[in-house]
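Visitor: Quick one: this structure, given as structure tokens, is what I'll be asking you about.
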Amino acid sequence: MRRYHLFINGKFVDSVSGETFNVINPATEEVISEVPEATVEDTRKAVDAAYESQKKWARLPAIERAKYLRRIADGIRKNADMLATTIVEEQGKIRSLARVEVDFTADYIDYMAEWARRIEGEIIQSDRPNENILLYKMPIGVIAGILPWNFPFFLIARKMAPALITGNTIVVKPSSDTPNNAFEFAKIVAESGLPEGIFNLVSGKGSVVGNELASNPKVGMVSFTGSVETGSRIMEAASKNITKVSLELGGKAPAIVMDDADIDLAVKAIKDSRVINTGQVCNCAERVYVHDRIADEFIEKMIDAMKETRYGDPMKEDVDMGPLINSKALESVDGMVKRAIGEGAKMVIGGSAEERKKGFFYKPTVLVDCRQEMEIVHKEIFGPVLPILRFKDLDEAIEYANDCEYGLTSSIYTQNLDVVMRAANEIKFGETYVNRENFEAMQGFHAGWRKSGIGGDDGKHGLEEFVKTHVVYIQYDQEKK
Ligand code: NAD
């Protein structure tokens, strides 16, 4: 069994309490590693290290900071196989997807390094003669990155790369379900020669480590990805010091399939979106609205597509879907499906995978006869379950899609430009995908509306989350010779 250590101020250390917790493989339920249970004192040490090293790091030209990022990206590529295996073992996604996550992470870090020569301020016209107004983009200071378990490796980079290129330092807290890949990331950071204190990693309880990060006065911004409930707690803790928060929270993405849609394309994209990472993706289709005229054909093809989905050991090549993350997730998904059936939904395929003695598996599941008011149409499922509803016209589809407390992503399938334009203007979500699967680009902007979050990640606008402005008014004497 592997044993990992916290990474604080450039050194791998144990928690001051010496306490540890176990990490479980969700496909086998075996213990795979022992990880430090950090205390408030450990967390403060990490924040202090990040705080002390930040001034010097910010003075380094951005192009020099970029060199370290590129070295880390190279280190990830060199260790890609081992990293993918580590992710599969603790998170349960299939190996090919884990490999995509690792490769995408390296590319993301390189992409953020490219911003080195593009972080720009402004010179603003003054109302006075002989005056310049300079607007600087400055680092915020110490960033706390608090992570979920579903894309655990990529999310380290999504926080760390924009933080570091803009001159901030960071303390990362991984999810207790998936800390191993973060420790492997820290080893690559250590090998890159990044100066001590710039990147720190502290594992432990959200209520201890996470809460300390959100309420520590030396933290300048909490960049959090996770559930709405935790996001709300973090906002509360951060409010003590008026600390900035950037929150990427849950979603309940609607997919609208119009009567002129390419049905095969819609079925494939929505099915892929529902089974990728066993349905545990914030941006993926969580409910489908199908036009009455094509609903029967769509449902038939969707059932066939879901039937073909192979689930099982995520290490195996011939598997499309692994287990859910833990027993709590399994209970939650199964409970939601049972309640939906109790409310009148019909399960045409799927349900719990009780025949498997070990692992947190749930079958690819399709629910028809769902109604808008049902819990399963409003609450995030986070499992491979697809509730299908019918609509009669675009107005109704848009009304149903918007009837939701989340506002992360959405999608629409149609050949009609007028329909696309109406959806683009009337759907109240941070992202809309037209005739394609839900998957954001690193140069885009991933930001939820309503309870899906505040702020956003990726691209130019995501990078701007990590800087603050400093405006300097400079008067000068024009007569001076
Ligand atoms: P979670 O909220 O349970 O946990 C996320 C992290 O917060 C963990 O590291 C946890 O230890 C920590 N935490 C828990 N309590 C805390 C507290 N009081 N203070 C500070 N930190 C605390 O979420 P999860 O189950 O790990 O992830 C699943 C959720 O993440 C889903 O809702 C999903 O939609 C969302 N998600 C959103 C995005 C996005 O980009 N919007 C991406 C991935 C996942």
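Labeling convention for the structure tokens: chains A, B, ... as they appear, residues from 1 per chain, ligands from 1 in order of appearance.
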With only C-alpha atoms as the counted atoms, please give the residues lying no more than 8 Å from stretch 107-124 of chain A, apart from itself and same-chain residues fewer than 2 positions off, as a PyMOL selection string.

Guide: chain A and resi 62-63+65-67+69-70+72-73+103-105+126+132-137+157-158+161-162+165-166+442

Visitor: Stretch 346-358 of chain A: which residues within 12 Å, counting only C-alpha atoms, same-chain residues fewer than 2 positions away excluded, as a count of residues only?

Guide: 59

Visitor: Might you pull out every residue within 12 Å of A:Ser33, with only C-alpha atoms counted and same-chain residues fewer than 6 positions away left off, and present them as a ChimeraX atom specification?

Guide: /A:1-5,20-25,86,89-90,176-181,183

Visitor: Could you give me the residues within 7 Å of ligand 1, counting only C-alpha atoms and all ligand atoms, as a ChimeraX atom specification?

Guide: /A:146-151,173-176,205-207,209-211,214,225-231,233-234,248-251,281-283,408,446,448,452

Visitor: Would you pick out the contacts of A:Phe429 at 12 Å or less, using only C-alpha atoms, so that residues sharing its chain but fewer than 5 positions from it are not included, and give the list as a list in words?

Guide: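 The filter keeps Gly251, Lys252, Ala253, Pro254, Ala255, Asn283, Ile398, Ala401, Asn402, Asp403, Cys404, Glu405, Tyr406, Gly407, Leu408, Thr409, Ser410, Ser411, Ala423, Ala424, His446, Ala447, Gly448, Trp449, Arg450, Lys451, Ser452 and Gly453 of chain A.
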
Visitor: Go ahead and save the picked residues with N, CA and C atoms, as an mmCIF file, in the first residue's frame.

Guide:
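And here is the file that came out, out35.cif:
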data_model
loop_
_atom_site.group_PDB
_atom_site.id
_atom_site.type_symbol
_atom_site.label_atom_id
_atom_site.label_comp_id
_atom_site.auth_asym_id
_atom_site.auth_seq_id
_atom_site.Cartn_x
_atom_site.Cartn_y
_atom_site.Cartn_z
ATOM 1 N N GLY A 251 -24.553 21.294 -11.527
ATOM 2 C CA GLY A 251 -25.332 21.616 -12.718
ATOM 3 C C GLY A 251 -26.479 20.641 -12.900
ATOM 4 N N LYS A 252 -27.379 20.991 -13.804
ATOM 5 C CA LYS A 252 -28.505 20.117 -14.138
ATOM 6 C C LYS A 252 -28.808 20.377 -15.611
ATOM 7 N N ALA A 253 -27.795 20.076 -16.461
ATOM 8 C CA ALA A 253 -27.843 20.496 -17.864
ATOM 9 C C ALA A 253 -29.036 19.917 -18.616
ATOM 10 N N PRO A 254 -29.867 20.783 -19.215
ATOM 11 C CA PRO A 254 -30.936 20.288 -20.078
ATOM 12 C C PRO A 254 -30.402 20.063 -21.489
ATOM 13 N N ALA A 255 -30.907 19.018 -22.179
ATOM 14 C CA ALA A 255 -30.614 18.832 -23.603
ATOM 15 C C ALA A 255 -31.960 18.900 -24.318
ATOM 16 N N ASN A 283 -21.030 19.268 -16.165
ATOM 17 C CA ASN A 283 -21.557 19.944 -17.356
ATOM 18 C C ASN A 283 -22.397 19.021 -18.255
ATOM 19 N N ILE A 398 -37.981 25.729 -23.822
ATOM 20 C CA ILE A 398 -37.131 26.745 -23.170
ATOM 21 C C ILE A 398 -37.623 27.004 -21.742
ATOM 22 N N ALA A 401 -36.479 24.082 -19.636
ATOM 23 C CA ALA A 401 -35.018 24.100 -19.440
ATOM 24 C C ALA A 401 -34.634 25.126 -18.380
ATOM 25 N N ASN A 402 -35.271 26.307 -18.452
ATOM 26 C CA ASN A 402 -34.915 27.393 -17.520
ATOM 27 C C ASN A 402 -35.486 27.204 -16.123
ATOM 28 N N ASP A 403 -36.434 26.298 -15.978
ATOM 29 C CA ASP A 403 -37.092 26.071 -14.692
ATOM 30 C C ASP A 403 -36.173 25.213 -13.812
ATOM 31 N N CYS A 404 -35.153 25.847 -13.255
ATOM 32 C CA CYS A 404 -34.079 25.099 -12.585
ATOM 33 C C CYS A 404 -33.252 26.060 -11.744
ATOM 34 N N GLU A 405 -32.782 25.583 -10.586
ATOM 35 C CA GLU A 405 -31.979 26.516 -9.775
ATOM 36 C C GLU A 405 -30.505 26.567 -10.212
ATOM 37 N N TYR A 406 -30.113 25.620 -11.056
ATOM 38 C CA TYR A 406 -28.743 25.639 -11.585
ATOM 39 C C TYR A 406 -28.689 26.407 -12.908
ATOM 40 N N GLY A 407 -27.489 26.747 -13.376
ATOM 41 C CA GLY A 407 -27.374 27.449 -14.666
ATOM 42 C C GLY A 407 -25.997 27.256 -15.269
ATOM 43 N N LEU A 408 -25.511 25.991 -15.263
ATOM 44 C CA LEU A 408 -24.139 25.773 -15.753
ATOM 45 C C LEU A 408 -24.135 25.572 -17.267
ATOM 46 N N THR A 409 -24.508 24.381 -17.740
ATOM 47 C CA THR A 409 -24.468 24.161 -19.186
ATOM 48 C C THR A 409 -25.823 23.672 -19.697
ATOM 49 N N SER A 410 -25.964 23.680 -21.034
ATOM 50 C CA SER A 410 -27.212 23.294 -21.697
ATOM 51 C C SER A 410 -26.849 22.895 -23.117
ATOM 52 N N SER A 411 -27.777 22.216 -23.806
ATOM 53 C CA SER A 411 -27.492 21.903 -25.207
ATOM 54 C C SER A 411 -28.787 21.839 -25.999
ATOM 55 N N ALA A 423 -32.622 30.052 -28.826
ATOM 56 C CA ALA A 423 -32.069 29.334 -27.663
ATOM 57 C C ALA A 423 -30.871 30.106 -27.098
ATOM 58 N N ALA A 424 -30.006 30.579 -27.984
ATOM 59 C CA ALA A 424 -28.803 31.293 -27.530
ATOM 60 C C ALA A 424 -29.185 32.521 -26.708
ATOM 61 N N HIS A 446 -15.757 28.892 -18.604
ATOM 62 C CA HIS A 446 -16.658 27.941 -17.943
ATOM 63 C C HIS A 446 -17.171 28.613 -16.677
ATOM 64 N N ALA A 447 -18.431 29.062 -16.724
ATOM 65 C CA ALA A 447 -18.958 29.814 -15.590
ATOM 66 C C ALA A 447 -20.446 29.568 -15.461
ATOM 67 N N GLY A 448 -20.868 29.232 -14.253
ATOM 68 C CA GLY A 448 -22.288 28.926 -14.048
ATOM 69 C C GLY A 448 -23.095 30.146 -13.645
ATOM 70 N N TRP A 449 -24.376 30.148 -14.034
ATOM 71 C CA TRP A 449 -25.322 31.164 -13.576
ATOM 72 C C TRP A 449 -26.065 30.593 -12.371
ATOM 73 N N ARG A 450 -26.819 31.465 -11.750
ATOM 74 C CA ARG A 450 -27.634 31.088 -10.577
ATOM 75 C C ARG A 450 -26.797 30.267 -9.572
ATOM 76 N N LYS A 451 -27.364 29.153 -9.066
ATOM 77 C CA LYS A 451 -26.635 28.428 -8.002
ATOM 78 C C LYS A 451 -25.448 27.635 -8.532
ATOM 79 N N SER A 452 -25.172 27.704 -9.845
ATOM 80 C CA SER A 452 -24.002 26.973 -10.367
ATOM 81 C C SER A 452 -22.691 27.725 -10.140
ATOM 82 N N GLY A 453 -22.758 28.931 -9.603
ATOM 83 C CA GLY A 453 -21.487 29.534 -9.217
ATOM 84 C C GLY A 453 -21.344 31.027 -9.398
#

Visitor: Measuring between only C-alpha atoms, which one of A:Lys460, A:Ala237, A:Arg293, A:Phe224 shows the shortest distance to A:Lys392?

Guide: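 Among A:Lys460, A:Ala237, A:Arg293, A:Phe224, it is A:Arg293 that comes nearest to A:Lys392.
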
Visitor: Report as a list in words all protein, DNA and RNA residues lying within 6 Å of A:Ile8, evaluated on only C-alpha atoms, omitting residues in the same chain fewer than 3 positions from it.

Guide: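 Neighbouring residues, sequence-local ones excluded: Lys11, Ala46 and Asn200 of chain A.
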
Visitor: Generate the output file for the selected residues, C-alpha atoms, as a tab-separated table (two decimals), in the first residue's frame.

Guide:
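This went into selection.tsv:
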chain	number	residue	atom	x	y	z
A	11	LYS	CA	9.04	19.43	1.54
A	46	ALA	CA	1.02	25.77	4.11
A	200	ASN	CA	1.54	23.45	-1.48

Visitor: Looking at only C-alpha atoms, which of A:Tyr289, A:Val13, A:Ile87, A:Pro139 is the one that sits closest to A:Thr469?

Guide: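 Under the stated criterion, the closest residue is A:Pro139.
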
Visitor: Atom CA of A:Thr243 to atom CA of A:Gly197: how many Å, to one decimal?

Guide: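 Pair atom CA of A:Thr243 / atom CA of A:Gly197 returns 20.8 Å.
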
Visitor: Run DSSP on the backbone and tell me which residues of stretch 284-426 of chain A come out as strand (DSSP E); list them as a PDB file with N, CA and C atoms, in the first residue's frame.

Guide:
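Listing of selection_36.pdb after writing:
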ATOM      1  N   ALA A 285     -25.318  16.324 -19.841  1.00  0.00           N
ATOM      2  CA  ALA A 285     -26.779  16.265 -19.937  1.00  0.00           C
ATOM      3  C   ALA A 285     -27.378  15.489 -18.775  1.00  0.00           C
ATOM      4  N   GLU A 286     -28.183  16.148 -17.964  1.00  0.00           N
ATOM      5  CA  GLU A 286     -28.805  15.499 -16.791  1.00  0.00           C
ATOM      6  C   GLU A 286     -30.293  15.293 -17.010  1.00  0.00           C
ATOM      7  N   ARG A 287     -30.864  15.877 -18.076  1.00  0.00           N
ATOM      8  CA  ARG A 287     -32.306  15.709 -18.377  1.00  0.00           C
ATOM      9  C   ARG A 287     -32.491  16.031 -19.847  1.00  0.00           C
ATOM     10  N   VAL A 288     -33.371  15.286 -20.506  1.00  0.00           N
ATOM     11  CA  VAL A 288     -33.578  15.497 -21.942  1.00  0.00           C
ATOM     12  C   VAL A 288     -35.018  15.889 -22.201  1.00  0.00           C
ATOM     13  N   TYR A 289     -35.193  16.908 -23.054  1.00  0.00           N
ATOM     14  CA  TYR A 289     -36.526  17.314 -23.520  1.00  0.00           C
ATOM     15  C   TYR A 289     -36.591  17.000 -25.008  1.00  0.00           C
ATOM     16  N   VAL A 290     -37.525  16.115 -25.393  1.00  0.00           N
ATOM     17  CA  VAL A 290     -37.622  15.687 -26.787  1.00  0.00           C
ATOM     18  C   VAL A 290     -38.962  16.136 -27.361  1.00  0.00           C
ATOM     19  N   HIS A 291     -38.904  16.641 -28.611  1.00  0.00           N
ATOM     20  CA  HIS A 291     -40.127  17.070 -29.274  1.00  0.00           C
ATOM     21  C   HIS A 291     -41.063  15.870 -29.436  1.00  0.00           C
ATOM     22  N   LYS A 346     -41.085   5.739 -15.460  1.00  0.00           N
ATOM     23  CA  LYS A 346     -40.947   4.319 -15.789  1.00  0.00           C
ATOM     24  C   LYS A 346     -39.482   4.049 -16.139  1.00  0.00           C
ATOM     25  N   MET A 347     -38.875   3.058 -15.465  1.00  0.00           N
ATOM     26  CA  MET A 347     -37.486   2.714 -15.783  1.00  0.00           C
ATOM     27  C   MET A 347     -37.497   1.678 -16.904  1.00  0.00           C
ATOM     28  N   VAL A 348     -37.005   2.088 -18.108  1.00  0.00           N
ATOM     29  CA  VAL A 348     -37.064   1.149 -19.227  1.00  0.00           C
ATOM     30  C   VAL A 348     -35.777   0.339 -19.358  1.00  0.00           C
ATOM     31  N   ILE A 349     -34.728   0.786 -18.734  1.00  0.00           N
ATOM     32  CA  ILE A 349     -33.465   0.023 -18.722  1.00  0.00           C
ATOM     33  C   ILE A 349     -32.642   0.538 -17.554  1.00  0.00           C
ATOM     34  N   GLY A 350     -31.868  -0.355 -16.906  1.00  0.00           N
ATOM     35  CA  GLY A 350     -30.920   0.082 -15.882  1.00  0.00           C
ATOM     36  C   GLY A 350     -31.272  -0.371 -14.491  1.00  0.00           C
ATOM     37  N   GLY A 351     -30.893   0.468 -13.520  1.00  0.00           N
ATOM     38  CA  GLY A 351     -31.112   0.155 -12.113  1.00  0.00           C
ATOM     39  C   GLY A 351     -29.824  -0.305 -11.446  1.00  0.00           C
ATOM     40  N   SER A 352     -29.938  -0.731 -10.196  1.00  0.00           N
ATOM     41  CA  SER A 352     -28.713  -1.049  -9.446  1.00  0.00           C
ATOM     42  C   SER A 352     -28.070  -2.333  -9.982  1.00  0.00           C
ATOM     43  N   TYR A 362     -23.487   1.126 -10.889  1.00  0.00           N
ATOM     44  CA  TYR A 362     -24.902   1.375 -11.188  1.00  0.00           C
ATOM     45  C   TYR A 362     -25.061   1.286 -12.693  1.00  0.00           C
ATOM     46  N   LYS A 363     -26.127   0.625 -13.148  1.00  0.00           N
ATOM     47  CA  LYS A 363     -26.268   0.387 -14.592  1.00  0.00           C
ATOM     48  C   LYS A 363     -26.674   1.665 -15.341  1.00  0.00           C
ATOM     49  N   PRO A 364     -26.331   1.741 -16.635  1.00  0.00           N
ATOM     50  CA  PRO A 364     -26.841   2.853 -17.450  1.00  0.00           C
ATOM     51  C   PRO A 364     -28.370   2.771 -17.450  1.00  0.00           C
ATOM     52  N   THR A 365     -29.008   3.866 -17.076  1.00  0.00           N
ATOM     53  CA  THR A 365     -30.451   3.830 -16.774  1.00  0.00           C
ATOM     54  C   THR A 365     -31.218   4.892 -17.558  1.00  0.00           C
ATOM     55  N   VAL A 366     -32.364   4.504 -18.100  1.00  0.00           N
ATOM     56  CA  VAL A 366     -33.228   5.463 -18.801  1.00  0.00           C
ATOM     57  C   VAL A 366     -34.585   5.477 -18.116  1.00  0.00           C
ATOM     58  N   LEU A 367     -35.071   6.697 -17.817  1.00  0.00           N
ATOM     59  CA  LEU A 367     -36.386   6.868 -17.203  1.00  0.00           C
ATOM     60  C   LEU A 367     -37.282   7.632 -18.171  1.00  0.00           C
ATOM     61  N   VAL A 368     -38.431   7.074 -18.511  1.00  0.00           N
ATOM     62  CA  VAL A 368     -39.390   7.800 -19.365  1.00  0.00           C
ATOM     63  C   VAL A 368     -40.614   8.163 -18.523  1.00  0.00           C
ATOM     64  N   VAL A 385     -27.869   8.150 -15.185  1.00  0.00           N
ATOM     65  CA  VAL A 385     -29.328   8.040 -15.248  1.00  0.00           C
ATOM     66  C   VAL A 385     -29.887   9.174 -16.099  1.00  0.00           C
ATOM     67  N   LEU A 386     -30.708   8.813 -17.081  1.00  0.00           N
ATOM     68  CA  LEU A 386     -31.227   9.830 -17.994  1.00  0.00           C
ATOM     69  C   LEU A 386     -32.755   9.927 -17.910  1.00  0.00           C
ATOM     70  N   PRO A 387     -33.268  11.007 -17.310  1.00  0.00           N
ATOM     71  CA  PRO A 387     -34.713  11.206 -17.330  1.00  0.00           C
ATOM     72  C   PRO A 387     -35.116  11.891 -18.646  1.00  0.00           C
ATOM     73  N   ILE A 388     -36.160  11.349 -19.318  1.00  0.00           N
ATOM     74  CA  ILE A 388     -36.593  11.916 -20.603  1.00  0.00           C
ATOM     75  C   ILE A 388     -38.000  12.506 -20.455  1.00  0.00           C
ATOM     76  N   LEU A 389     -38.169  13.726 -20.982  1.00  0.00           N
ATOM     77  CA  LEU A 389     -39.469  14.401 -20.961  1.00  0.00           C
ATOM     78  C   LEU A 389     -39.820  14.805 -22.392  1.00  0.00           C
ATOM     79  N   ARG A 390     -41.106  15.028 -22.643  1.00  0.00           N
ATOM     80  CA  ARG A 390     -41.542  15.447 -23.985  1.00  0.00           C
ATOM     81  C   ARG A 390     -41.997  16.898 -23.936  1.00  0.00           C
ATOM     82  N   PHE A 391     -41.907  17.588 -25.099  1.00  0.00           N
ATOM     83  CA  PHE A 391     -42.468  18.954 -25.176  1.00  0.00           C
ATOM     84  C   PHE A 391     -43.167  19.117 -26.520  1.00  0.00           C
ATOM     85  N   TYR A 406     -30.113  25.620 -11.056  1.00  0.00           N
ATOM     86  CA  TYR A 406     -28.743  25.639 -11.585  1.00  0.00           C
ATOM     87  C   TYR A 406     -28.689  26.407 -12.908  1.00  0.00           C
ATOM     88  N   GLY A 407     -27.489  26.747 -13.376  1.00  0.00           N
ATOM     89  CA  GLY A 407     -27.374  27.449 -14.666  1.00  0.00           C
ATOM     90  C   GLY A 407     -25.997  27.256 -15.269  1.00  0.00           C
ATOM     91  N   THR A 409     -24.508  24.381 -17.740  1.00  0.00           N
ATOM     92  CA  THR A 409     -24.468  24.161 -19.186  1.00  0.00           C
ATOM     93  C   THR A 409     -25.823  23.672 -19.697  1.00  0.00           C
ATOM     94  N   SER A 410     -25.964  23.680 -21.034  1.00  0.00           N
ATOM     95  CA  SER A 410     -27.212  23.294 -21.697  1.00  0.00           C
ATOM     96  C   SER A 410     -26.849  22.895 -23.117  1.00  0.00           C
ATOM     97  N   SER A 411     -27.777  22.216 -23.806  1.00  0.00           N
ATOM     98  CA  SER A 411     -27.492  21.903 -25.207  1.00  0.00           C
ATOM     99  C   SER A 411     -28.787  21.839 -25.999  1.00  0.00           C
ATOM    100  N   ILE A 412     -28.663  22.025 -27.336  1.00  0.00           N
ATOM    101  CA  ILE A 412     -29.833  21.952 -28.206  1.00  0.00           C
ATOM    102  C   ILE A 412     -29.431  21.286 -29.518  1.00  0.00           C
ATOM    103  N   TYR A 413     -30.337  20.462 -30.037  1.00  0.00           N
ATOM    104  CA  TYR A 413     -30.100  19.731 -31.293  1.00  0.00           C
ATOM    105  C   TYR A 413     -31.174  20.158 -32.281  1.00  0.00           C
TER     106      TYR A 413
END

Visitor: Just list as JSON, numbers by chain whatever in stretch 317-459 of chain A DSSP marks as alpha helix (DSSP H).

Guide: {"A": [327, 328, 329, 330, 331, 332, 333, 334, 335, 336, 337, 338, 339, 340, 341, 342, 375, 376, 377, 378, 394, 395, 396, 397, 398, 399, 400, 401, 402, 417, 418, 419, 420, 421, 422, 423, 424, 425, 426, 459]}

Visitor: So the first atom is atom CA of A:Glu37 and the second is atom CA of A:Thr85; what is the distance between them in Å, to one decimal place?

Guide: 23.4 Å
